[in-house]
Amino acid sequence: MALYAGLWGAAFAYLFYRQADWTFPLVSLGIFGIALSGLAWVLTRKAAPPPVPVRRPGLELAAVLIFLAVYALGFLGWGMGTLKDSLPEGQTKELVVLGVKLAVHVVAPALLLALLGAKLAPLFSTGLARKGFWPTLIVMGAIFIALLSVVSPSLKQIAALEAPVQVLAWAVPAAFVWVALEAGLSEEFLFRAVLQTRLAAVLRSETGAVVLGALLFAVAHVPGLYLRGAPGDDGYSTDLLQVVAFTIASLSPLALMLGVVWARTRSLLLVVLLHAAINILPFLPEFLVTWAGIAPAG
């Protein structure tokens with residue numbers, strides 16, 4: 001934790017020095033990194049998840065880190081932007097992007113571990129019957145949605161579309177499932193189920209794995225933001241160090257919280273659903289336009 005505090009403090013100080021946005025990182029740390037991580041620990045205090053066996057910790061972690069380096073530079077830094085730019089807007093594009101994301105984030109790392117002789121079944125455990133699953137999902141999911149309702153413009157954007165109730169009745173659950181797959185399953189399988197379990201096996205410390213996994217999650221997003229970002233995007237800058245500082249200060253607290261949930265429950269389903277609860281409101285307006293054919297006003 002001392003390492004994390006030092007790196008987060010250095011990142012925050014650099015943002016402050018560059019007169020970049022330092023308020024959001026501070027809020028992110030306070031809400032996700034401290035308050036909600038602590039709440040996750042309390043809600044899962046009676047959980048007793050089974051261990052995830054890692055046969056060859058050093059080799060598997062090395063392979064996963066190499067994969068992450070290629071993923072961050074090749075996919076997030078170049079491939080994803082190239083793919084999106086090559087396709088016209090519409091439903092076909094969204095389906096292709098979803099399929100590619102699942103292939104890169106889930107299928108590819110699963111195949112990599114399988115080739116190394118790792119057991120995959122424990123990584124896909126739902127954990128539905130484990131103590132703490134439902135309280136954590138209900139309480140934290142409700143907090144995420146309530147928080148995003150207040151701090152984001154999502155509800156105003158949804159209201160501006162004037163979608164009929166009968167459309168919202170199917171679009172809201174459909175959008176939740178979609179974002180659970182595209183964002184939740186993709187990132188949580190790769191960074192929590194695959195990476196964090198290997199870190200824990202090598203470090204022999206769940207706390208160390210949560211912290212280092214959160215930092216790697218943040219840094220992995222640097223190429224995408226630096227190479228594909230544009231003015232107006234949160235955290236974008238032509239200063240590479242500022243982008244690194246922003247991802248560490250802003251994204252790692254969220255990863256810290258999700259890492260705590262995974263470490264305490266070993267439930268892929270739980271972290272996927274919580275991830276979806278964070279993203280559903282900002283994602284819903286785009287989903288309504290693309291899949292319900294509702295044109296933005298004006």
# chains A, B, ... in the order shown; residues from 1 in each chain; ligands from 1
>>> residues_around(residues="stretch 4-18 of chain A", least_positions_apart="4", cutoff="6 Å", atoms="only C-alpha atoms", output="PDB file with all heavy atoms, in the first residue's frame")
ATOM      1  N   TRP A  22      -7.096  17.988 -11.434  1.00  0.00           N
ATOM      2  CA  TRP A  22      -6.679  17.166 -10.292  1.00  0.00           C
ATOM      3  C   TRP A  22      -7.850  16.853  -9.359  1.00  0.00           C
ATOM      4  O   TRP A  22      -7.724  16.049  -8.450  1.00  0.00           O
ATOM      5  CB  TRP A  22      -5.577  17.862  -9.493  1.00  0.00           C
ATOM      6  CG  TRP A  22      -5.918  19.272  -9.058  1.00  0.00           C
ATOM      7  CD1 TRP A  22      -5.617  20.414  -9.716  1.00  0.00           C
ATOM      8  CD2 TRP A  22      -6.644  19.663  -7.879  1.00  0.00           C
ATOM      9  NE1 TRP A  22      -6.094  21.508  -9.032  1.00  0.00           N
ATOM     10  CE2 TRP A  22      -6.732  21.070  -7.892  1.00  0.00           C
ATOM     11  CE3 TRP A  22      -7.207  18.969  -6.820  1.00  0.00           C
ATOM     12  CZ2 TRP A  22      -7.371  21.792  -6.886  1.00  0.00           C
ATOM     13  CZ3 TRP A  22      -7.852  19.678  -5.821  1.00  0.00           C
ATOM     14  CH2 TRP A  22      -7.927  21.075  -5.864  1.00  0.00           C
ATOM     15  N   ALA A 245       0.190  10.055 -15.520  1.00  0.00           N
ATOM     16  CA  ALA A 245      -0.250  10.531 -14.210  1.00  0.00           C
ATOM     17  C   ALA A 245      -1.767  10.488 -14.093  1.00  0.00           C
ATOM     18  O   ALA A 245      -2.316  10.089 -13.054  1.00  0.00           O
ATOM     19  CB  ALA A 245       0.260  11.950 -13.972  1.00  0.00           C
ATOM     20  N   ALA A 249      -3.755   8.215 -11.378  1.00  0.00           N
ATOM     21  CA  ALA A 249      -4.515   8.928 -10.357  1.00  0.00           C
ATOM     22  C   ALA A 249      -6.019   8.715 -10.484  1.00  0.00           C
ATOM     23  O   ALA A 249      -6.734   8.701  -9.479  1.00  0.00           O
ATOM     24  CB  ALA A 249      -4.191  10.419 -10.415  1.00  0.00           C
TER      25      ALA A 249
END
>>> closest_atom_pairs(of="stretch 127-196 of chain A", to="stretch 41-61 of chain A", cutoff="10 Å", atoms="only C-alpha atoms", output="tab-separated table")
residue	atom	partner	partner_atom	distance
A:Gly127	CA	A:Pro49	CA	8.0
A:Arg130	CA	A:Ala47	CA	6.3
A:Lys131	CA	A:Ala47	CA	4.8
A:Gly132	CA	A:Thr44	CA	4.6
A:Phe133	CA	A:Thr44	CA	7.5
A:Trp134	CA	A:Leu43	CA	9.3
A:Pro135	CA	A:Leu43	CA	6.5
A:Thr136	CA	A:Leu43	CA	5.7
A:Leu137	CA	A:Leu43	CA	9.5
A:Val139	CA	A:Leu43	CA	8.7
A:Met140	CA	A:Leu43	CA	9.3
A:Ala193	CA	A:Val52	CA	9.1
A:Val194	CA	A:Leu61	CA	8.9
A:Leu195	CA	A:Leu61	CA	7.2
A:Gln196	CA	A:Leu61	CA	9.3
>>> write_last_selection(atoms="N, CA and C atoms", output="short mmCIF file (atom, residue, chain, number, x, y, z; two decimals), in the first residue's frame")
data_model
loop_
_atom_site.label_atom_id
_atom_site.label_comp_id
_atom_site.auth_asym_id
_atom_site.auth_seq_id
_atom_site.Cartn_x
_atom_site.Cartn_y
_atom_site.Cartn_z
N GLY A 127 -19.76 -17.75 -8.57
CA GLY A 127 -19.79 -17.43 -7.14
C GLY A 127 -21.15 -17.03 -6.63
N ARG A 130 -21.90 -17.91 -2.98
CA ARG A 130 -20.95 -17.53 -1.94
C ARG A 130 -21.49 -16.38 -1.10
N LYS A 131 -21.14 -16.40 0.18
CA LYS A 131 -21.55 -15.32 1.06
C LYS A 131 -20.97 -14.00 0.59
N GLY A 132 -21.80 -12.99 0.60
CA GLY A 132 -21.36 -11.67 0.20
C GLY A 132 -21.67 -11.32 -1.23
N PHE A 133 -22.03 -12.30 -2.07
CA PHE A 133 -22.29 -12.01 -3.49
C PHE A 133 -23.46 -11.04 -3.64
N TRP A 134 -24.62 -11.42 -3.13
CA TRP A 134 -25.81 -10.60 -3.34
C TRP A 134 -25.78 -9.27 -2.60
N PRO A 135 -25.36 -9.22 -1.33
CA PRO A 135 -25.25 -7.90 -0.68
C PRO A 135 -24.30 -6.96 -1.42
N THR A 136 -23.18 -7.49 -1.89
CA THR A 136 -22.22 -6.65 -2.59
C THR A 136 -22.80 -6.14 -3.91
N LEU A 137 -23.44 -7.04 -4.65
CA LEU A 137 -24.03 -6.64 -5.93
C LEU A 137 -25.13 -5.60 -5.74
N VAL A 139 -25.98 -3.61 -3.00
CA VAL A 139 -25.60 -2.36 -2.34
C VAL A 139 -24.67 -1.53 -3.22
N MET A 140 -23.61 -2.14 -3.72
CA MET A 140 -22.64 -1.37 -4.49
C MET A 140 -23.20 -1.01 -5.87
N ALA A 193 -9.37 -11.74 -13.33
CA ALA A 193 -9.29 -13.20 -13.30
C ALA A 193 -7.93 -13.72 -13.77
N VAL A 194 -7.40 -13.15 -14.82
CA VAL A 194 -6.13 -13.63 -15.38
C VAL A 194 -4.93 -12.99 -14.70
N LEU A 195 -4.84 -11.67 -14.78
CA LEU A 195 -3.64 -10.98 -14.28
C LEU A 195 -3.53 -11.04 -12.76
N GLN A 196 -4.60 -10.68 -12.06
CA GLN A 196 -4.50 -10.57 -10.60
C GLN A 196 -4.21 -11.92 -9.94
#
>>> residues_around(residues="A:Leu111", least_positions_apart="5", cutoff="12 Å", atoms="only C-alpha atoms", output="list of chain:residue names")
A:Ala63, A:Val64, A:Phe67, A:Ala103, A:Val104, A:His105, A:Val106, A:Leu116, A:Gly117, A:Ala118, A:Lys119, A:Leu120, A:Leu190, A:Val194
>>> write_last_selection(atoms="N, CA, C and O atoms", output="PDB file, in the first residue's frame")
ATOM      1  N   ALA A  63       4.141 -14.609 -19.249  1.00  0.00           N
ATOM      2  CA  ALA A  63       3.386 -14.694 -20.491  1.00  0.00           C
ATOM      3  C   ALA A  63       2.250 -13.671 -20.521  1.00  0.00           C
ATOM      4  O   ALA A  63       2.002 -13.012 -21.545  1.00  0.00           O
ATOM      5  N   VAL A  64       1.567 -13.517 -19.394  1.00  0.00           N
ATOM      6  CA  VAL A  64       0.456 -12.563 -19.318  1.00  0.00           C
ATOM      7  C   VAL A  64       0.969 -11.127 -19.456  1.00  0.00           C
ATOM      8  O   VAL A  64       0.352 -10.293 -20.144  1.00  0.00           O
ATOM      9  N   PHE A  67       1.741 -10.471 -23.019  1.00  0.00           N
ATOM     10  CA  PHE A  67       0.460 -10.292 -23.716  1.00  0.00           C
ATOM     11  C   PHE A  67      -0.096  -8.896 -23.458  1.00  0.00           C
ATOM     12  O   PHE A  67      -0.584  -8.228 -24.384  1.00  0.00           O
ATOM     13  N   ALA A 103     -12.788 -11.388 -28.249  1.00  0.00           N
ATOM     14  CA  ALA A 103     -11.706 -12.245 -28.736  1.00  0.00           C
ATOM     15  C   ALA A 103     -10.372 -11.860 -28.119  1.00  0.00           C
ATOM     16  O   ALA A 103      -9.582 -12.719 -27.714  1.00  0.00           O
ATOM     17  N   VAL A 104     -10.113 -10.550 -28.038  1.00  0.00           N
ATOM     18  CA  VAL A 104      -8.829 -10.067 -27.532  1.00  0.00           C
ATOM     19  C   VAL A 104      -8.739 -10.188 -26.017  1.00  0.00           C
ATOM     20  O   VAL A 104      -7.709 -10.599 -25.475  1.00  0.00           O
ATOM     21  N   HIS A 105      -9.807  -9.831 -25.317  1.00  0.00           N
ATOM     22  CA  HIS A 105      -9.767  -9.785 -23.855  1.00  0.00           C
ATOM     23  C   HIS A 105     -10.043 -11.125 -23.181  1.00  0.00           C
ATOM     24  O   HIS A 105      -9.591 -11.352 -22.056  1.00  0.00           O
ATOM     25  N   VAL A 106     -10.800 -11.984 -23.831  1.00  0.00           N
ATOM     26  CA  VAL A 106     -11.221 -13.236 -23.186  1.00  0.00           C
ATOM     27  C   VAL A 106     -10.644 -14.458 -23.897  1.00  0.00           C
ATOM     28  O   VAL A 106      -9.942 -15.276 -23.280  1.00  0.00           O
ATOM     29  N   LEU A 116      -0.385 -23.090 -21.623  1.00  0.00           N
ATOM     30  CA  LEU A 116       0.577 -23.240 -20.537  1.00  0.00           C
ATOM     31  C   LEU A 116       0.119 -24.266 -19.498  1.00  0.00           C
ATOM     32  O   LEU A 116       0.775 -24.459 -18.479  1.00  0.00           O
ATOM     33  N   GLY A 117      -1.015 -24.893 -19.762  1.00  0.00           N
ATOM     34  CA  GLY A 117      -1.508 -25.940 -18.869  1.00  0.00           C
ATOM     35  C   GLY A 117      -2.300 -25.439 -17.684  1.00  0.00           C
ATOM     36  O   GLY A 117      -2.534 -26.198 -16.735  1.00  0.00           O
ATOM     37  N   ALA A 118      -2.736 -24.193 -17.717  1.00  0.00           N
ATOM     38  CA  ALA A 118      -3.492 -23.636 -16.591  1.00  0.00           C
ATOM     39  C   ALA A 118      -4.948 -24.100 -16.624  1.00  0.00           C
ATOM     40  O   ALA A 118      -5.500 -24.354 -17.692  1.00  0.00           O
ATOM     41  N   LYS A 119      -5.552 -24.187 -15.442  1.00  0.00           N
ATOM     42  CA  LYS A 119      -6.966 -24.509 -15.342  1.00  0.00           C
ATOM     43  C   LYS A 119      -7.793 -23.247 -15.550  1.00  0.00           C
ATOM     44  O   LYS A 119      -7.562 -22.234 -14.889  1.00  0.00           O
ATOM     45  N   LEU A 120      -8.758 -23.319 -16.452  1.00  0.00           N
ATOM     46  CA  LEU A 120      -9.558 -22.136 -16.785  1.00  0.00           C
ATOM     47  C   LEU A 120     -10.866 -22.057 -16.013  1.00  0.00           C
ATOM     48  O   LEU A 120     -11.379 -20.965 -15.772  1.00  0.00           O
ATOM     49  N   LEU A 190      -9.630 -10.262 -18.122  1.00  0.00           N
ATOM     50  CA  LEU A 190      -8.204 -10.063 -18.383  1.00  0.00           C
ATOM     51  C   LEU A 190      -7.457  -9.538 -17.167  1.00  0.00           C
ATOM     52  O   LEU A 190      -6.408 -10.085 -16.789  1.00  0.00           O
ATOM     53  N   VAL A 194      -7.397 -13.146 -14.825  1.00  0.00           N
ATOM     54  CA  VAL A 194      -6.134 -13.632 -15.382  1.00  0.00           C
ATOM     55  C   VAL A 194      -4.932 -12.988 -14.702  1.00  0.00           C
ATOM     56  O   VAL A 194      -4.085 -13.675 -14.108  1.00  0.00           O
TER      57      VAL A 194
END
>>> closest_residue(among="A:Ala277, A:Ala110, A:Leu256, A:Ala121", to="A:Ala183", atoms="only C-alpha atoms")
A:Ala277
>>> closest_atom_pairs(of="stretch 223-275 of chain A", to="stretch 79-90 of chain A", cutoff="10 Å", atoms="only C-alpha atoms", output="CSV")
residue,atom,partner,partner_atom,distance
A:Gly224,CA,A:Gly81,CA,8.4
A:Leu227,CA,A:Gly81,CA,9.2
A:Arg228,CA,A:Gly81,CA,6.6
A:Gly229,CA,A:Gly81,CA,9.7
>>> select_by_dssp(residues="stretch 37-256 of chain A", states="helix (DSSP H, G or I)", output="count of residues only")
171
>>> residues_around(residues="stretch 263-275 of chain A", least_positions_apart="3", cutoff="6 Å", atoms="only C-alpha atoms", output="list in words")
Pro49, Phe124, Ser125, Thr126, Gly127, Gly141, Ala180, Gly184, Leu185, Val260 and Ile278 of chain A
>>> write_last_selection(atoms="C-alpha atoms", output="PDB file, in the first residue's frame")
ATOM      1  CA  PRO A  49     -13.774 -18.144  -1.864  1.00  0.00           C
ATOM      2  CA  PHE A 124     -15.071 -18.276 -14.865  1.00  0.00           C
ATOM      3  CA  SER A 125     -16.665 -19.092 -11.520  1.00  0.00           C
ATOM      4  CA  THR A 126     -19.925 -17.216 -10.941  1.00  0.00           C
ATOM      5  CA  GLY A 127     -19.791 -17.430  -7.140  1.00  0.00           C
ATOM      6  CA  GLY A 141     -24.598  -1.580  -7.749  1.00  0.00           C
ATOM      7  CA  ALA A 180     -21.529  -6.233 -19.235  1.00  0.00           C
ATOM      8  CA  GLY A 184     -17.330  -5.840 -17.911  1.00  0.00           C
ATOM      9  CA  LEU A 185     -16.405  -9.314 -19.113  1.00  0.00           C
ATOM     10  CA  VAL A 260     -10.772  -6.042  -3.733  1.00  0.00           C
ATOM     11  CA  ILE A 278     -20.756   1.749 -13.441  1.00  0.00           C
TER      12      ILE A 278
END
>>> residues_around(residues="A:Ala171", least_positions_apart="3", cutoff="8 Å", atoms="only C-alpha atoms", output="JSON, numbers by chain")
{"A": [167, 168, 174, 175, 287, 288, 292]}
>>> atom_distance(atom1="atom CA of A:Thr197", atom2="atom CA of A:Leu26")
28.2 Å
>>> closest_residue(among="A:Ile145, A:Leu123, A:Val150, A:Leu181", to="A:Val97", atoms="only C-alpha atoms")
A:Leu181
>>> residues_around(residues="A:Phe176", least_positions_apart="4", cutoff="7 Å", atoms="only C-alpha atoms", output="PyMOL selection string")
chain A and resi 172+180+276+280
>>> closest_residue(among="A:Gly232, A:Gly74, A:Pro153, A:Gly259", to="A:Pro285", atoms="only C-alpha atoms")
A:Pro153
>>> atom_distance(atom1="atom CA of A:Ile138", atom2="atom CA of A:Leu258")
14.9 Å
